Amino acid sequence: MGKEARARVLSDAQAKAIGRNIRTSPRKLNLVAQSIRGKRAEAALNELTFSPRRVAHEVKKVLESAIANAENNHDLDVDDLVITEASVGKNMVLKRFHARARGRGAGIEKPFSQITIVVEEKAEEKEAKKPAAKKGSAAKNTTSKKAAPKRAPKSAPKGAEETA
């Protein structure tokens, strides 16, 4: 009789958390979100812990929530989590009044924002990379680089003679 369950938007290897009503502008919040995009979860937590920005504490709480959701709700390995998405959006705006000269008033806007963090389980590929080919005389491509013409050594100017 109830409503049908909504289909899961994320893949099975992803988990997300949303932080709403964060008291800062989206522009400032996006600077912090930009610093953690694409990083491993552990490295992002370290960066947010030691970040000088005030809002980094709120972003850290949302990231910890996303990690906990991945571990508890989706049975993902915490050590392999990577932040695939950290999107920032606008939320409500408090409008305040500031009295000005000659009976006038000026508006003050105090913006709020929200952040959505999606973490994904990605196993690191530990493959030995092939060493680069050694540069030898046979490996050089002479067609791409033109050889400089050989010049005879410069002789001393006419006025300067060698004294022995």
# chains A, B, ... in the order shown; residues from 1 in each chain; ligands from 1

$ residues_around --residues "range 53-69 of chain A" --least-positions-apart "5" --cutoff "9 Å" --atoms "only C-alpha atoms" --output "PDB file with N, CA and C atoms, in the first residue's frame"
ATOM      1  N   ALA A  15      29.328   5.259  -2.025  1.00  0.00           N
ATOM      2  CA  ALA A  15      28.510   5.711  -0.893  1.00  0.00           C
ATOM      3  C   ALA A  15      28.618   7.229  -0.839  1.00  0.00           C
ATOM      4  N   LYS A  16      27.577   7.877  -0.306  1.00  0.00           N
ATOM      5  CA  LYS A  16      27.621   9.339  -0.251  1.00  0.00           C
ATOM      6  C   LYS A  16      27.088   9.861   1.065  1.00  0.00           C
ATOM      7  N   ALA A  17      27.426  11.111   1.322  1.00  0.00           N
ATOM      8  CA  ALA A  17      26.918  11.836   2.480  1.00  0.00           C
ATOM      9  C   ALA A  17      26.710  13.283   2.057  1.00  0.00           C
ATOM     10  N   ILE A  18      25.689  13.910   2.636  1.00  0.00           N
ATOM     11  CA  ILE A  18      25.349  15.288   2.299  1.00  0.00           C
ATOM     12  C   ILE A  18      25.380  16.122   3.574  1.00  0.00           C
ATOM     13  N   GLY A  19      26.054  17.249   3.514  1.00  0.00           N
ATOM     14  CA  GLY A  19      26.067  18.197   4.620  1.00  0.00           C
ATOM     15  C   GLY A  19      25.259  19.411   4.224  1.00  0.00           C
ATOM     16  N   ILE A  22      25.421  24.572   5.907  1.00  0.00           N
ATOM     17  CA  ILE A  22      26.766  24.926   6.356  1.00  0.00           C
ATOM     18  C   ILE A  22      26.896  26.435   6.219  1.00  0.00           C
ATOM     19  N   ARG A  23      27.237  27.087   7.302  1.00  0.00           N
ATOM     20  CA  ARG A  23      27.207  28.546   7.366  1.00  0.00           C
ATOM     21  C   ARG A  23      28.461  29.166   6.740  1.00  0.00           C
ATOM     22  N   THR A  24      28.533  29.096   5.427  1.00  0.00           N
ATOM     23  CA  THR A  24      29.568  29.764   4.660  1.00  0.00           C
ATOM     24  C   THR A  24      29.078  29.881   3.225  1.00  0.00           C
ATOM     25  N   LYS A  28      33.480  29.853  -0.915  1.00  0.00           N
ATOM     26  CA  LYS A  28      34.513  29.503   0.060  1.00  0.00           C
ATOM     27  C   LYS A  28      34.530  27.992   0.320  1.00  0.00           C
ATOM     28  N   LEU A  29      33.349  27.400   0.363  1.00  0.00           N
ATOM     29  CA  LEU A  29      33.264  25.961   0.600  1.00  0.00           C
ATOM     30  C   LEU A  29      33.865  25.182  -0.562  1.00  0.00           C
ATOM     31  N   VAL A  32      37.616  24.416  -0.364  1.00  0.00           N
ATOM     32  CA  VAL A  32      37.976  23.269   0.470  1.00  0.00           C
ATOM     33  C   VAL A  32      37.630  21.970  -0.259  1.00  0.00           C
ATOM     34  N   ALA A  33      36.469  21.937  -0.916  1.00  0.00           N
ATOM     35  CA  ALA A  33      36.060  20.729  -1.646  1.00  0.00           C
ATOM     36  C   ALA A  33      37.031  20.435  -2.783  1.00  0.00           C
ATOM     37  N   ALA A  41      40.680   8.658   0.680  1.00  0.00           N
ATOM     38  CA  ALA A  41      39.933   9.139   1.840  1.00  0.00           C
ATOM     39  C   ALA A  41      40.857   9.469   3.006  1.00  0.00           C
ATOM     40  N   ALA A  44      42.685  12.721   2.340  1.00  0.00           N
ATOM     41  CA  ALA A  44      41.764  13.852   2.433  1.00  0.00           C
ATOM     42  C   ALA A  44      41.456  14.190   3.889  1.00  0.00           C
ATOM     43  N   LEU A  45      41.295  13.161   4.727  1.00  0.00           N
ATOM     44  CA  LEU A  45      41.049  13.412   6.153  1.00  0.00           C
ATOM     45  C   LEU A  45      42.233  14.130   6.787  1.00  0.00           C
ATOM     46  N   GLU A  47      44.375  16.092   5.266  1.00  0.00           N
ATOM     47  CA  GLU A  47      44.426  17.459   4.760  1.00  0.00           C
ATOM     48  C   GLU A  47      43.382  18.339   5.442  1.00  0.00           C
ATOM     49  N   LEU A  48      42.186  17.801   5.655  1.00  0.00           N
ATOM     50  CA  LEU A  48      41.136  18.589   6.308  1.00  0.00           C
ATOM     51  C   LEU A  48      41.446  18.818   7.781  1.00  0.00           C
ATOM     52  N   HIS A  74      27.227  -0.349   3.023  1.00  0.00           N
ATOM     53  CA  HIS A  74      27.522  -0.953   1.730  1.00  0.00           C
ATOM     54  C   HIS A  74      28.673  -1.956   1.778  1.00  0.00           C
ATOM     55  N   ASP A  75      29.215  -2.209   2.945  1.00  0.00           N
ATOM     56  CA  ASP A  75      30.290  -3.190   3.152  1.00  0.00           C
ATOM     57  C   ASP A  75      31.484  -2.955   2.232  1.00  0.00           C
ATOM     58  N   LEU A  76      31.933  -1.724   2.149  1.00  0.00           N
ATOM     59  CA  LEU A  76      33.095  -1.392   1.330  1.00  0.00           C
ATOM     60  C   LEU A  76      34.334  -1.325   2.208  1.00  0.00           C
ATOM     61  N   VAL A  78      37.381   0.358   3.744  1.00  0.00           N
ATOM     62  CA  VAL A  78      37.702   1.749   4.044  1.00  0.00           C
ATOM     63  C   VAL A  78      39.068   2.150   3.489  1.00  0.00           C
ATOM     64  N   LEU A  81      39.018   3.501  -0.310  1.00  0.00           N
ATOM     65  CA  LEU A  81      38.053   4.536  -0.698  1.00  0.00           C
ATOM     66  C   LEU A  81      38.758   5.745  -1.308  1.00  0.00           C
ATOM     67  N   ILE A  83      37.714   9.680  -3.080  1.00  0.00           N
ATOM     68  CA  ILE A  83      36.651  10.670  -3.235  1.00  0.00           C
ATOM     69  C   ILE A  83      36.472  10.932  -4.724  1.00  0.00           C
ATOM     70  N   ILE A 115      27.144  20.541   0.847  1.00  0.00           N
ATOM     71  CA  ILE A 115      28.178  19.779   0.153  1.00  0.00           C
ATOM     72  C   ILE A 115      27.757  18.321   0.073  1.00  0.00           C
ATOM     73  N   THR A 116      28.007  17.715  -1.064  1.00  0.00           N
ATOM     74  CA  THR A 116      27.735  16.295  -1.276  1.00  0.00           C
ATOM     75  C   THR A 116      29.059  15.618  -1.593  1.00  0.00           C
ATOM     76  N   ILE A 117      29.408  14.609  -0.806  1.00  0.00           N
ATOM     77  CA  ILE A 117      30.652  13.883  -1.007  1.00  0.00           C
ATOM     78  C   ILE A 117      30.314  12.437  -1.357  1.00  0.00           C
ATOM     79  N   VAL A 118      30.854  11.960  -2.486  1.00  0.00           N
ATOM     80  CA  VAL A 118      30.664  10.574  -2.918  1.00  0.00           C
ATOM     81  C   VAL A 118      32.024   9.895  -2.878  1.00  0.00           C
ATOM     82  N   VAL A 119      32.089   8.762  -2.155  1.00  0.00           N
ATOM     83  CA  VAL A 119      33.321   7.975  -2.102  1.00  0.00           C
ATOM     84  C   VAL A 119      33.098   6.667  -2.850  1.00  0.00           C
TER      85      VAL A 119
END

$ select_by_dssp --residues "range 52-141 of chain A" --states "strand (DSSP E)" --output "ChimeraX atom specification"
/A:81-99,105-121

$ residues_around --residues "range 91-104 of chain A" --least-positions-apart "3" --cutoff "9 Å" --atoms "only C-alpha atoms" --output "JSON, numbers by chain"
{"A": [20, 21, 22, 26, 107, 108, 109, 110, 111, 112, 113, 114]}

$ closest_residue --among "A:Val82, A:Leu31, A:Ile36, A:Leu10" --to "Glu120 in chain A" --atoms "only C-alpha atoms"
A:Val82

$ atom_distance --atom1 "CA of Asn30 in chain A" --atom2 "CA of Ala86 in chain A"
8.6 Å
